[in-house]
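A.B. asks: Below is the file upload.txt, which contains compact mmCIF, C-alpha atoms.
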```txt
# COMPACT_ATOMS: atom_id res chain seq x y z
CA ASP L 1 24.86 -2.87 24.31
CA GLU L 2 24.80 -6.55 23.46
CA ASP L 3 26.80 -5.84 20.29
CA THR L 4 29.82 -5.45 22.56
CA LEU L 5 29.51 -9.17 23.27
CA GLY L 6 32.02 -11.27 21.48
CA GLU L 7 34.64 -8.59 21.18
CA ILE L 8 37.18 -11.22 20.17
CA GLU L 9 34.79 -13.48 18.21
CA GLN L 10 34.95 -13.10 14.43
CA VAL L 11 32.46 -14.38 11.84
CA GLY L 12 33.85 -17.13 9.66
CA THR L 13 32.13 -18.63 6.64
CA VAL L 14 28.35 -18.20 6.23
CA GLU L 15 26.69 -21.44 5.12
CA ILE L 16 23.10 -21.78 3.82
CA ARG L 17 21.43 -25.10 4.66
CA GLY L 18 18.02 -26.63 3.97
CA LEU L 19 17.42 -25.29 0.45
CA GLU L 20 15.36 -27.37 -1.97
CA HIS L 21 13.92 -25.23 -4.77
CA VAL L 22 15.30 -21.80 -3.83
CA GLU L 23 18.68 -20.85 -5.28
CA GLU L 24 21.39 -20.08 -2.73
CA SER L 25 22.23 -16.90 -4.65
CA HIS L 26 18.75 -15.52 -3.87
CA VAL L 27 19.24 -15.98 -0.12
CA ARG L 28 22.63 -14.27 -0.30
CA LYS L 29 21.08 -11.37 -2.25
CA ALA L 30 18.46 -10.96 0.50
CA ILE L 31 21.24 -10.77 3.08
CA ALA L 32 23.24 -8.33 0.96
CA LYS L 33 20.24 -5.96 0.71
CA ILE L 34 20.52 -4.96 4.38
CA GLY L 35 24.21 -4.08 4.05
CA ASP L 36 26.17 -3.55 7.27
CA ARG L 37 23.28 -4.75 9.43
CA ALA L 38 23.81 -8.33 8.18
CA ILE L 39 26.52 -10.86 8.99
CA HIS L 40 29.55 -11.07 6.70
CA PRO L 41 32.73 -13.17 6.90
CA GLY L 42 35.40 -11.29 8.81
CA ASP L 43 32.94 -9.13 10.79
CA ARG L 44 32.95 -9.02 14.57
CA TYR L 45 30.29 -11.37 15.92
CA ALA L 46 27.16 -9.51 17.10
CA PRO L 47 23.78 -11.07 18.04
CA SER L 48 21.88 -8.12 16.53
CA ARG L 49 23.36 -8.90 13.11
CA LEU L 50 22.20 -12.48 13.36
CA ARG L 51 18.66 -11.29 14.07
CA ALA L 52 18.77 -8.78 11.20
CA THR L 53 19.94 -11.53 8.86
CA GLN L 54 17.17 -13.84 10.04
CA ARG L 55 14.52 -11.17 9.42
CA ALA L 56 15.90 -10.39 5.94
CA VAL L 57 15.81 -14.03 4.84
CA PHE L 58 12.35 -14.63 6.35
CA ALA L 59 11.02 -11.48 4.65
CA THR L 60 11.51 -13.13 1.23
CA GLY L 61 8.30 -15.04 1.96
CA LEU L 62 9.82 -18.31 0.76
CA PHE L 63 10.46 -20.02 4.09
CA ARG L 64 8.41 -21.46 6.96
CA SER L 65 11.31 -21.01 9.36
CA VAL L 66 14.74 -19.41 9.41
CA ALA L 67 17.43 -19.94 12.05
CA VAL L 68 20.75 -18.08 12.03
CA ARG L 69 23.28 -19.38 14.54
CA PRO L 70 27.02 -19.71 15.13
CA VAL L 71 28.76 -23.07 14.76
CA LEU L 72 31.01 -23.21 17.81
CA PRO L 73 34.41 -24.89 17.39
CA GLU L 74 35.00 -28.27 19.04
CA GLY L 75 37.93 -30.53 19.86
CA ASP L 76 41.31 -29.65 18.37
CA GLU L 77 39.85 -26.60 16.61
CA LEU L 78 38.63 -25.21 19.94
CA VAL L 79 42.04 -25.80 21.54
CA ALA L 80 43.75 -24.04 18.60
CA GLN L 81 41.42 -21.03 18.76
CA ASP L 82 41.84 -20.76 22.55
CA ALA L 83 45.49 -20.14 21.92
CA GLN L 84 44.75 -17.24 19.55
CA ALA L 85 43.66 -13.70 20.32
CA THR L 86 40.61 -14.02 18.06
CA ALA L 87 38.15 -16.90 17.78
CA VAL L 88 36.49 -17.57 14.41
CA TRP L 89 32.88 -18.75 14.47
CA PRO L 90 31.30 -20.00 11.22
CA ILE L 91 27.62 -19.07 10.85
CA GLU L 92 24.89 -21.30 9.45
CA VAL L 93 21.56 -20.12 8.07
CA VAL L 94 19.15 -23.04 8.34
CA VAL L 95 15.87 -22.71 6.42
CA ALA L 96 12.72 -24.74 5.79
CA GLU L 97 10.95 -23.83 2.56
CA ARG L 98 7.27 -23.03 2.24
CA PRO L 99 5.21 -24.71 -0.52
CA ARG L 100 5.83 -22.90 -3.79
CA ARG L 101 2.15 -22.57 -4.68
CA SER L 102 -0.82 -21.40 -2.66
CA ILE L 103 -4.50 -20.59 -3.08
CA ARG L 104 -6.33 -18.02 -0.97
CA ILE L 105 -10.09 -17.48 -0.93
CA GLY L 106 -11.90 -14.91 1.18
CA GLY L 107 -15.07 -12.93 1.51
CA GLY L 108 -16.75 -10.33 3.64
CA TYR L 109 -19.25 -7.53 3.87
CA GLY L 110 -19.00 -3.75 4.12
CA THR L 111 -21.61 -1.01 4.05
CA GLU L 112 -20.11 0.50 0.87
CA ASP L 113 -19.00 -2.49 -1.18
CA ARG L 114 -21.59 -4.84 0.40
CA PHE L 115 -20.79 -8.50 -0.22
CA ARG L 116 -17.24 -9.00 -1.43
CA ALA L 117 -15.31 -12.06 -2.50
CA ARG L 118 -11.68 -12.58 -3.46
CA GLY L 119 -9.58 -15.44 -4.77
CA GLU L 120 -5.87 -15.67 -5.55
CA TRP L 121 -3.46 -18.28 -6.89
CA GLU L 122 0.23 -17.62 -6.32
CA HIS L 123 3.50 -19.25 -7.38
CA ARG L 124 6.11 -17.63 -5.15
CA ASN L 125 9.27 -19.11 -6.65
CA LEU L 126 9.00 -19.55 -10.42
CA PHE L 127 12.68 -19.84 -11.36
CA GLY L 128 14.40 -20.30 -8.00
CA GLU L 129 15.15 -16.63 -7.33
CA GLY L 130 11.89 -15.71 -5.61
CA GLU L 131 10.07 -14.63 -8.78
CA ARG L 132 6.33 -14.51 -8.09
CA LEU L 133 3.33 -14.93 -10.36
CA GLU L 134 -0.10 -14.02 -9.01
CA VAL L 135 -3.49 -14.52 -10.62
CA ALA L 136 -6.26 -12.84 -8.61
CA GLY L 137 -9.88 -11.85 -8.91
CA LYS L 138 -12.30 -9.93 -6.73
CA TYR L 139 -15.93 -8.93 -6.79
CA SER L 140 -18.04 -6.46 -4.83
CA PHE L 141 -20.82 -3.96 -5.40
CA LEU L 142 -18.17 -1.36 -6.34
CA VAL L 143 -15.69 -3.34 -8.42
CA ALA L 144 -15.26 -6.56 -10.38
CA ALA L 145 -11.64 -7.11 -11.31
CA GLY L 146 -9.04 -9.61 -12.45
CA ARG L 147 -5.27 -9.23 -12.25
CA ILE L 148 -2.12 -11.04 -13.33
CA ARG L 149 1.06 -9.81 -11.65
CA TYR L 150 4.69 -10.84 -12.11
CA LEU L 151 7.18 -9.74 -9.45
CA ASP L 152 10.97 -10.10 -9.67
CA PRO L 153 12.63 -9.19 -6.34
CA SER L 154 16.14 -8.88 -7.83
CA PHE L 155 15.76 -7.35 -11.25
CA ILE L 156 19.14 -6.43 -12.81
CA GLU L 157 20.55 -5.65 -9.34
CA PRO L 158 19.93 -7.40 -5.98
CA ASP L 159 18.06 -4.42 -4.49
CA VAL L 160 15.90 -3.54 -7.52
CA GLU L 161 12.38 -4.99 -7.48
CA ALA L 162 10.36 -5.14 -10.70
CA GLU L 163 6.60 -5.53 -10.99
CA ILE L 164 4.61 -6.12 -14.20
CA PRO L 165 0.81 -5.97 -13.65
CA LEU L 166 -1.95 -6.72 -16.15
CA ALA L 167 -5.39 -5.74 -14.85
CA PHE L 168 -9.03 -5.67 -15.99
CA GLU L 169 -11.79 -4.11 -13.89
CA ARG L 170 -15.31 -2.71 -13.88
CA GLU L 171 -15.73 0.16 -11.41
CA THR L 172 -19.21 1.12 -10.25
CA GLU L 173 -19.14 4.47 -8.46
CA PRO L 174 -21.52 7.40 -7.90
CA ALA L 175 -19.98 9.37 -10.78
CA ALA L 176 -19.69 6.68 -13.49
CA ASP L 177 -19.46 3.01 -14.42
CA VAL L 178 -16.08 2.44 -16.08
CA ASP L 179 -14.37 -0.55 -17.71
CA ARG L 180 -10.56 -0.33 -17.47
CA ALA L 181 -7.76 -2.50 -18.83
CA SER L 182 -4.12 -1.69 -18.12
CA ILE L 183 -0.59 -3.02 -18.33
CA GLY L 184 2.55 -1.51 -16.88
CA ILE L 185 5.93 -1.92 -15.29
CA GLU L 186 7.29 -0.45 -12.06
CA LEU L 187 10.80 -0.60 -10.60
CA ARG L 188 11.46 -0.04 -6.88
CA LYS L 189 14.83 0.51 -5.23
CA PRO L 190 16.02 1.72 -1.79
CA VAL L 191 17.46 5.20 -2.31
CA TRP L 192 18.36 6.40 1.19
CA GLY L 193 17.77 4.84 4.60
CA ARG L 194 14.19 3.56 4.66
CA TRP L 195 13.19 5.55 1.56
CA VAL L 196 12.24 3.47 -1.48
CA GLY L 197 12.10 5.09 -4.92
CA ARG L 198 9.56 4.09 -7.59
CA VAL L 199 9.61 4.63 -11.33
CA GLY L 200 7.33 3.08 -13.90
CA TYR L 201 4.97 3.32 -16.86
CA ARG L 202 1.31 2.35 -17.29
CA PHE L 203 -0.78 2.13 -20.45
CA GLU L 204 -4.53 1.95 -20.10
CA ARG L 205 -7.77 1.87 -22.04
CA ALA L 206 -10.88 3.06 -20.22
CA ASP L 207 -14.48 2.94 -21.45
CA ILE L 208 -17.17 4.96 -19.66
CA VAL L 209 -20.12 2.59 -19.72
CA LYS L 210 -22.48 5.00 -18.00
CA LEU L 211 -21.87 8.56 -16.80
CA PHE L 212 -24.09 9.60 -13.90
CA THR L 213 -22.55 13.02 -13.26
CA ASP L 214 -23.38 15.87 -15.65
CA LEU L 215 -19.94 17.49 -15.96
CA THR L 216 -21.29 20.05 -18.43
CA GLU L 217 -22.78 21.90 -15.43
CA LEU L 218 -19.20 22.96 -14.65
CA ASP L 219 -18.76 24.56 -18.09
CA PRO L 220 -20.14 28.13 -18.32
CA SER L 221 -19.85 28.26 -22.13
CA PRO L 222 -23.06 28.26 -24.26
CA THR L 223 -22.14 24.93 -25.86
CA PRO L 224 -20.32 22.85 -23.23
CA ARG L 225 -18.37 19.83 -24.42
CA ALA L 226 -19.33 16.36 -23.23
CA GLN L 227 -16.61 13.91 -22.26
CA PRO L 228 -15.86 11.13 -24.75
CA ASP L 229 -16.83 7.64 -23.66
CA GLN L 230 -13.39 6.16 -24.32
CA PHE L 231 -9.86 7.15 -23.26
CA TRP L 232 -6.36 5.87 -23.99
CA LEU L 233 -3.99 6.91 -21.22
CA GLY L 234 -0.20 6.61 -21.06
CA SER L 235 1.34 7.61 -17.75
CA ALA L 236 4.77 7.72 -16.15
CA ILE L 237 4.99 6.96 -12.43
CA LEU L 238 7.53 8.63 -10.15
CA GLY L 239 7.45 8.35 -6.38
CA VAL L 240 9.10 7.66 -3.05
CA ARG L 241 7.85 5.85 0.04
CA ARG L 242 9.06 5.47 3.58
CA THR L 243 7.54 3.48 6.44
CA THR L 244 8.44 2.71 10.03
CA VAL L 245 4.99 1.41 10.99
CA ASP L 246 5.29 -1.54 13.36
CA ASP L 247 2.28 -3.61 12.23
CA LEU L 248 0.20 -3.41 9.05
CA LEU L 249 -2.99 -4.86 10.60
CA GLU L 250 -2.80 -3.26 14.05
CA PRO L 251 -0.38 -0.30 13.89
CA THR L 252 0.61 1.22 17.23
CA SER L 253 3.75 3.24 16.43
CA GLY L 254 5.76 4.64 13.55
CA ASN L 255 4.87 6.63 10.47
CA ALA L 256 4.52 6.30 6.70
CA ILE L 257 5.08 8.81 3.90
CA ASP L 258 4.05 8.28 0.27
CA LEU L 259 4.72 10.84 -2.48
CA GLU L 260 3.70 10.26 -6.12
CA LEU L 261 3.94 12.26 -9.35
CA ARG L 262 2.11 10.88 -12.41
CA PRO L 263 2.35 12.76 -15.71
CA THR L 264 -0.18 11.50 -18.28
CA LEU L 265 0.93 12.80 -21.68
CA LYS L 266 0.23 12.43 -25.37
CA ALA L 267 3.94 11.79 -25.80
CA LEU L 268 3.43 8.66 -23.67
CA GLY L 269 0.44 7.41 -25.69
CA SER L 270 -2.37 9.35 -23.99
CA ASP L 271 -5.39 11.12 -25.49
CA VAL L 272 -5.07 13.99 -22.98
CA ASP L 273 -2.29 15.80 -21.13
CA TYR L 274 -2.31 16.37 -17.38
CA LEU L 275 -0.12 16.07 -14.31
CA ARG L 276 -1.52 14.32 -11.23
CA TRP L 277 0.28 14.36 -7.88
CA ARG L 278 -0.55 13.26 -4.37
CA ALA L 279 1.12 13.13 -0.96
CA ALA L 280 0.08 11.10 2.09
CA VAL L 281 1.41 10.99 5.66
CA ARG L 282 0.28 8.65 8.44
CA GLY L 283 1.52 8.48 12.01
CA TYR L 284 0.82 6.44 15.15
CA VAL L 285 1.74 7.56 18.66
CA PRO L 286 1.34 5.12 21.60
CA TRP L 287 0.70 6.23 25.15
CA TRP L 288 0.10 3.58 27.77
CA ARG L 289 -2.63 1.42 26.14
CA VAL L 290 -3.97 4.22 23.94
CA VAL L 291 -2.88 4.96 20.35
CA LEU L 292 -3.30 8.31 18.62
CA ALA L 293 -3.55 7.71 14.85
CA MET L 294 -3.30 10.62 12.43
CA ARG L 295 -3.19 11.08 8.68
CA PHE L 296 -3.08 13.87 6.11
CA GLU L 297 -3.45 13.49 2.33
CA ILE L 298 -3.43 16.07 -0.43
CA GLY L 299 -3.33 16.08 -4.22
CA SER L 300 -4.02 18.03 -7.40
CA ILE L 301 -4.50 17.50 -11.14
CA HIS L 302 -3.07 20.08 -13.54
CA PRO L 303 -4.29 19.98 -17.18
CA LEU L 304 -1.49 20.68 -19.66
CA GLY L 305 -1.31 21.97 -23.22
CA GLY L 306 -4.69 21.98 -24.92
CA THR L 307 -6.34 19.83 -22.26
CA GLY L 308 -8.97 21.76 -20.26
CA ASN L 309 -10.25 21.17 -16.74
CA LEU L 310 -13.30 19.30 -18.03
CA ASP L 311 -11.19 17.10 -20.33
CA VAL L 312 -9.66 15.22 -17.40
CA PRO L 313 -11.41 11.82 -17.33
CA VAL L 314 -14.10 11.62 -14.65
CA PHE L 315 -12.58 8.44 -13.22
CA GLU L 316 -9.23 10.25 -12.71
CA ARG L 317 -10.74 13.14 -10.75
CA PHE L 318 -10.48 13.19 -6.94
CA PHE L 319 -13.39 11.99 -4.80
CA THR L 320 -13.73 11.56 -1.04
CA GLY L 321 -16.26 10.70 1.64
CA GLY L 322 -17.07 7.31 3.10
CA SER L 323 -15.86 4.64 5.50
CA THR L 324 -12.10 5.23 5.10
CA THR L 325 -12.08 8.98 4.45
CA VAL L 326 -14.66 11.45 5.85
CA ARG L 327 -16.97 9.15 7.79
CA GLY L 328 -19.83 11.60 8.35
CA TYR L 329 -20.76 11.38 4.64
CA ASP L 330 -21.79 8.67 2.23
CA PHE L 331 -19.38 7.21 -0.33
CA HIS L 332 -17.77 9.96 -2.47
CA LEU L 333 -20.36 12.57 -1.52
CA VAL L 334 -17.97 15.20 -0.16
CA GLY L 335 -17.53 18.14 -2.52
CA PRO L 336 -19.65 19.67 -5.30
CA LEU L 337 -22.72 17.81 -6.59
CA ASP L 338 -24.75 18.19 -9.77
CA ALA L 339 -28.48 18.89 -9.90
CA GLU L 340 -29.27 15.19 -9.39
CA GLY L 341 -27.04 14.92 -6.32
CA ASP L 342 -24.22 13.04 -8.06
CA PRO L 343 -20.61 14.06 -7.29
CA PHE L 344 -18.48 15.99 -9.80
CA GLY L 345 -15.22 15.10 -8.12
CA GLY L 346 -12.50 17.70 -8.36
CA LEU L 347 -9.02 18.65 -9.48
CA SER L 348 -7.89 19.49 -5.93
CA TRP L 349 -8.30 17.27 -2.90
CA ALA L 350 -7.27 17.19 0.74
CA GLU L 351 -8.39 15.23 3.76
CA ALA L 352 -7.21 14.61 7.30
CA SER L 353 -8.17 12.45 10.26
CA ALA L 354 -7.28 12.05 13.91
CA GLU L 355 -8.40 8.94 15.78
CA LEU L 356 -7.91 7.89 19.39
CA ARG L 357 -7.88 4.10 19.77
CA PHE L 358 -8.31 2.54 23.22
CA PRO L 359 -9.09 -0.87 24.73
CA ILE L 360 -12.48 -1.57 26.30
CA TRP L 361 -12.51 -5.26 27.11
CA ASP L 362 -10.28 -7.63 25.19
CA PRO L 363 -10.81 -8.32 22.29
CA ILE L 364 -13.06 -5.25 21.95
CA GLY L 365 -11.68 -1.74 21.56
CA GLY L 366 -13.13 1.69 20.92
CA VAL L 367 -12.27 4.81 18.92
CA VAL L 368 -13.29 8.44 18.77
CA PHE L 369 -12.39 10.35 15.62
CA ALA L 370 -12.53 13.61 13.71
CA ASP L 371 -12.33 13.74 9.89
CA VAL L 372 -12.29 16.61 7.41
CA GLY L 373 -12.31 16.61 3.61
CA ASN L 374 -12.12 19.12 0.78
CA ILE L 375 -12.76 18.77 -2.97
CA GLU L 376 -12.34 21.77 -5.29
CA LYS L 377 -13.13 22.20 -8.98
CA ARG L 378 -9.85 23.95 -9.91
CA PRO L 379 -6.26 22.71 -9.63
CA ALA L 380 -4.21 23.68 -6.57
CA HIS L 381 -7.11 25.30 -4.67
CA TRP L 382 -7.96 24.09 -1.20
CA GLY L 383 -10.08 25.11 1.73
CA ASN L 384 -13.03 26.94 0.13
CA ASP L 385 -15.62 24.28 0.97
CA VAL L 386 -14.53 22.07 3.88
CA PHE L 387 -16.60 19.12 5.13
CA PRO L 388 -15.87 18.13 8.77
CA ALA L 389 -17.23 15.17 10.70
CA VAL L 390 -16.81 13.54 14.11
CA GLY L 391 -17.79 10.17 15.45
CA ALA L 392 -17.04 7.06 17.46
CA GLY L 393 -16.77 3.35 16.84
CA LEU L 394 -15.99 -0.15 18.05
CA ARG L 395 -13.25 -2.57 17.01
CA LEU L 396 -13.27 -6.37 17.38
CA LYS L 397 -9.82 -7.95 17.03
CA THR L 398 -9.56 -10.88 14.61
CA PRO L 399 -6.60 -12.68 12.97
CA VAL L 400 -7.23 -10.79 9.69
CA GLY L 401 -7.54 -7.37 11.29
CA PRO L 402 -10.18 -5.59 13.35
CA VAL L 403 -13.87 -5.76 12.46
CA ARG L 404 -14.89 -2.11 12.42
CA LEU L 405 -18.18 -0.34 13.20
CA ASP L 406 -18.14 3.47 12.97
CA VAL L 407 -20.84 6.10 13.36
CA GLY L 408 -19.93 9.43 11.74
CA ILE L 409 -21.78 12.73 12.22
CA PRO L 410 -21.43 15.52 9.60
CA LEU L 411 -20.82 19.01 10.99
CA ASP L 412 -21.63 21.21 7.98
CA ASP L 413 -24.98 22.99 7.81
CA GLY L 414 -26.07 21.40 4.57
CA ALA L 415 -25.51 17.74 5.42
CA ARG L 416 -26.49 16.01 2.21
CA ILE L 417 -27.64 12.53 3.15
CA ASP L 418 -28.51 11.82 6.77
CA ARG L 419 -27.78 13.22 10.19
CA PHE L 420 -25.27 10.39 10.62
CA GLU L 421 -23.61 7.61 8.65
CA ILE L 422 -22.95 4.03 9.83
CA HIS L 423 -19.95 2.21 8.39
CA PHE L 424 -19.18 -1.49 8.84
CA SER L 425 -16.05 -3.12 7.43
CA VAL L 426 -12.83 -5.00 8.23
CA GLY L 427 -9.58 -3.21 8.99
CA HIS L 428 -8.81 0.18 10.45
CA ALA L 429 -9.85 3.24 8.47
CA PHE L 430 -6.13 4.04 8.07
```
The structure in this file should be written as structure tokens.
C.D. replies:
Amino acid sequence: DEDTLGEIEQVGTVEIRGLEHVEESHVRKAIAKIGDRAIHPGDRYAPSRLRATQRAVFATGLFRSVAVRPVLPEGDELVAQDAQATAVWPIEVVVAERPRRSIRIGGGYGTEDRFRARGEWEHRNLFGEGERLEVAGKYSFLVAAGRIRYLDPSFIEPDVEAEIPLAFERETEPAADVDRASIGIELRKPVWGRWVGRVGYRFERADIVKLFTDLTELDPSPTPRAQPDQFWLGSAILGVRRTTVDDLLEPTSGNAIDLELRPTLKALGSDVDYLRWRAAVRGYVPWWRVVLAMRFEIGSIHPLGGTGNLDVPVFERFFTGGSTTVRGYDFHLVGPLDAEGDPFGGLSWAEASAELRFPIWDPIGGVVFADVGNIEKRPAHWGNDVFPAVGAGLRLKTPVGPVRLDVGIPLDDGARIDRFEIHFSVGHAF
């Protein structure tokens, strides 16, 4: 173990050099967040701690380069330390700052969202402590949205991250066209090991511009109630996340777990009462040059008090099917449909995928996959009407992630669109 190196070398002072607009206190907070894995005065010198410190400072996103290195004694100081049992090595953290502002513009095409465009302006260091302000907009066939987001990486305490988003969007989906405006706050904090806890609040107004799905078909009463065309929703957000995935664009090992509980209540400013929860697990297992990727997701919505099943807003119901879910079916067309072939969505949802990723000829790779999805009308009911699919695809590596072409084949007897679905997009399905 290389940490046994330097058994008699001790860390001295830790100096930060090269700062221009970033406050030194912010760099020291970033180091403090990783606890015993970082370097601290008085610790035994260990190369692994220098690397951990370098990664923690670079992860702030404020620097082009970060070097963490010992300052070896010279001259009379070296002679004096040679005579002692323990040598003291000061450490310097040398940084070069990135520009504080940036603009990103991008575009693309996918079979579901068709042409898409995105632009973002970011100030990544508003007040010297890494506070970020983002102004972003995007457009596609499915959504037109604008967002302003403020992020404070050290809110109240060094390891508490705060996010305040303000968002406006128009969603165009098979069930409805919806205009949504929301504001909220979310706090995130490491709670144990790699687990990060989340707590927050979101307040939202949603207007149903056009409802394509006839939800009254789900109501057996003689005079079924239609959904209102406007909702005010106040929701609390509680959750935990954990990830050990090695690469966000091209994952080959590790796993990720995401658990969320979201009560939407009249006591929080909502028109309706319900509890929505979801859980997601992803894992990647490498073997030689092949990667087995797997995922499982599940969720349910439970109406509370006087809120009935049909009172849950259509845009909050679960939907699945499409290029990143069950690839043998068109977008959101897994589950029950109305007489016109539009999806109802559901109050229970589950889906799973297994995908084998393998190289063909660099930079081209291939996949074979199996997907399955389930949407049910009632809360906490799964498995009555399962929609499986299998397929294969190609991947072309690019700097922004793989360009993806998948062909999915539905396996149920009543396949509702075609004998197969073709999906083209950027990025892995999961």
A.B. asks: Under the rule that only C-alpha atoms are counted, which of L:Ser140, L:Arg37, L:Asp179, L:Trp192 is the nearest residue to Gly107 (chain L)?
C.D. replies: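 Ranked by minimum distance to Gly107 (chain L), first place goes to L:Ser140.
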A.B. asks: Which residues are close to region 261-266 of chain L, i.e. within 12 Å by all atoms listed in the file, leaving aside same-chain residues fewer than 3 positions away? Reply as a PDB file with C-alpha atoms, in the frame of the given file.
C.D. replies:
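Okay, this is what ended up in selection_29.pdb:
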```pdb
ATOM      1  CA  GLY L 197      12.100   5.090  -4.920  1.00  0.00           C
ATOM      2  CA  ARG L 198       9.560   4.090  -7.590  1.00  0.00           C
ATOM      3  CA  VAL L 199       9.610   4.630 -11.330  1.00  0.00           C
ATOM      4  CA  GLY L 200       7.330   3.080 -13.900  1.00  0.00           C
ATOM      5  CA  TYR L 201       4.970   3.320 -16.860  1.00  0.00           C
ATOM      6  CA  ARG L 202       1.310   2.350 -17.290  1.00  0.00           C
ATOM      7  CA  PHE L 203      -0.780   2.130 -20.450  1.00  0.00           C
ATOM      8  CA  GLU L 204      -4.530   1.950 -20.100  1.00  0.00           C
ATOM      9  CA  PHE L 231      -9.860   7.150 -23.260  1.00  0.00           C
ATOM     10  CA  TRP L 232      -6.360   5.870 -23.990  1.00  0.00           C
ATOM     11  CA  LEU L 233      -3.990   6.910 -21.220  1.00  0.00           C
ATOM     12  CA  GLY L 234      -0.200   6.610 -21.060  1.00  0.00           C
ATOM     13  CA  SER L 235       1.340   7.610 -17.750  1.00  0.00           C
ATOM     14  CA  ALA L 236       4.770   7.720 -16.150  1.00  0.00           C
ATOM     15  CA  ILE L 237       4.990   6.960 -12.430  1.00  0.00           C
ATOM     16  CA  LEU L 238       7.530   8.630 -10.150  1.00  0.00           C
ATOM     17  CA  GLY L 239       7.450   8.350  -6.380  1.00  0.00           C
ATOM     18  CA  VAL L 240       9.100   7.660  -3.050  1.00  0.00           C
ATOM     19  CA  ASP L 258       4.050   8.280   0.270  1.00  0.00           C
ATOM     20  CA  GLY L 269       0.440   7.410 -25.690  1.00  0.00           C
ATOM     21  CA  SER L 270      -2.370   9.350 -23.990  1.00  0.00           C
ATOM     22  CA  ASP L 271      -5.390  11.120 -25.490  1.00  0.00           C
ATOM     23  CA  VAL L 272      -5.070  13.990 -22.980  1.00  0.00           C
ATOM     24  CA  ASP L 273      -2.290  15.800 -21.130  1.00  0.00           C
ATOM     25  CA  TYR L 274      -2.310  16.370 -17.380  1.00  0.00           C
ATOM     26  CA  LEU L 275      -0.120  16.070 -14.310  1.00  0.00           C
ATOM     27  CA  ARG L 276      -1.520  14.320 -11.230  1.00  0.00           C
ATOM     28  CA  TRP L 277       0.280  14.360  -7.880  1.00  0.00           C
ATOM     29  CA  ARG L 278      -0.550  13.260  -4.370  1.00  0.00           C
ATOM     30  CA  ALA L 279       1.120  13.130  -0.960  1.00  0.00           C
ATOM     31  CA  GLY L 299      -3.330  16.080  -4.220  1.00  0.00           C
ATOM     32  CA  SER L 300      -4.020  18.030  -7.400  1.00  0.00           C
ATOM     33  CA  ILE L 301      -4.500  17.500 -11.140  1.00  0.00           C
ATOM     34  CA  HIS L 302      -3.070  20.080 -13.540  1.00  0.00           C
ATOM     35  CA  PRO L 303      -4.290  19.980 -17.180  1.00  0.00           C
ATOM     36  CA  LEU L 304      -1.490  20.680 -19.660  1.00  0.00           C
ATOM     37  CA  GLY L 305      -1.310  21.970 -23.220  1.00  0.00           C
ATOM     38  CA  GLY L 306      -4.690  21.980 -24.920  1.00  0.00           C
ATOM     39  CA  THR L 307      -6.340  19.830 -22.260  1.00  0.00           C
ATOM     40  CA  VAL L 312      -9.660  15.220 -17.400  1.00  0.00           C
ATOM     41  CA  PRO L 313     -11.410  11.820 -17.330  1.00  0.00           C
ATOM     42  CA  GLU L 316      -9.230  10.250 -12.710  1.00  0.00           C
TER      43      GLU L 316
END
```
A.B. asks: For Trp89 (chain L), which residue among L:Ile156, L:Ala370, L:Leu411, L:Leu72 is the nearest when counting all atoms listed in the file?
C.D. replies: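 Counting all atoms listed in the file, the residue closest to Trp89 (chain L) is L:Leu72.
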A.B. asks: Restricting the calculation to all atoms listed in the file: of L:Gly193, L:Gly146, L:Glu9, L:Val407, which residue gets closest to Ile34 (chain L)?
C.D. replies: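 Distance minimum relative to Ile34 (chain L) lands on L:Gly193.
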A.B. asks: Would you list the contacts of Gly108 (chain L) as a ChimeraX atom specification, taking every protein, DNA or RNA residue within 12 Å and counting all atoms listed in the file, but skipping same-chain residues closer than 2 positions in sequence?
C.D. replies: /L:105-106,110-118,138-141,400,403,424-427
A.B. asks: For those residues, write C-alpha atoms to a file as a PDB file, keeping the file's coordinate frame.
C.D. replies:
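Once everything was written out, this is again_36.pdb:
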```pdb
ATOM      1  CA  ILE L 105     -10.090 -17.480  -0.930  1.00  0.00           C
ATOM      2  CA  GLY L 106     -11.900 -14.910   1.180  1.00  0.00           C
ATOM      3  CA  GLY L 110     -19.000  -3.750   4.120  1.00  0.00           C
ATOM      4  CA  THR L 111     -21.610  -1.010   4.050  1.00  0.00           C
ATOM      5  CA  GLU L 112     -20.110   0.500   0.870  1.00  0.00           C
ATOM      6  CA  ASP L 113     -19.000  -2.490  -1.180  1.00  0.00           C
ATOM      7  CA  ARG L 114     -21.590  -4.840   0.400  1.00  0.00           C
ATOM      8  CA  PHE L 115     -20.790  -8.500  -0.220  1.00  0.00           C
ATOM      9  CA  ARG L 116     -17.240  -9.000  -1.430  1.00  0.00           C
ATOM     10  CA  ALA L 117     -15.310 -12.060  -2.500  1.00  0.00           C
ATOM     11  CA  ARG L 118     -11.680 -12.580  -3.460  1.00  0.00           C
ATOM     12  CA  LYS L 138     -12.300  -9.930  -6.730  1.00  0.00           C
ATOM     13  CA  TYR L 139     -15.930  -8.930  -6.790  1.00  0.00           C
ATOM     14  CA  SER L 140     -18.040  -6.460  -4.830  1.00  0.00           C
ATOM     15  CA  PHE L 141     -20.820  -3.960  -5.400  1.00  0.00           C
ATOM     16  CA  VAL L 400      -7.230 -10.790   9.690  1.00  0.00           C
ATOM     17  CA  VAL L 403     -13.870  -5.760  12.460  1.00  0.00           C
ATOM     18  CA  PHE L 424     -19.180  -1.490   8.840  1.00  0.00           C
ATOM     19  CA  SER L 425     -16.050  -3.120   7.430  1.00  0.00           C
ATOM     20  CA  VAL L 426     -12.830  -5.000   8.230  1.00  0.00           C
ATOM     21  CA  GLY L 427      -9.580  -3.210   8.990  1.00  0.00           C
TER      22      GLY L 427
END
```
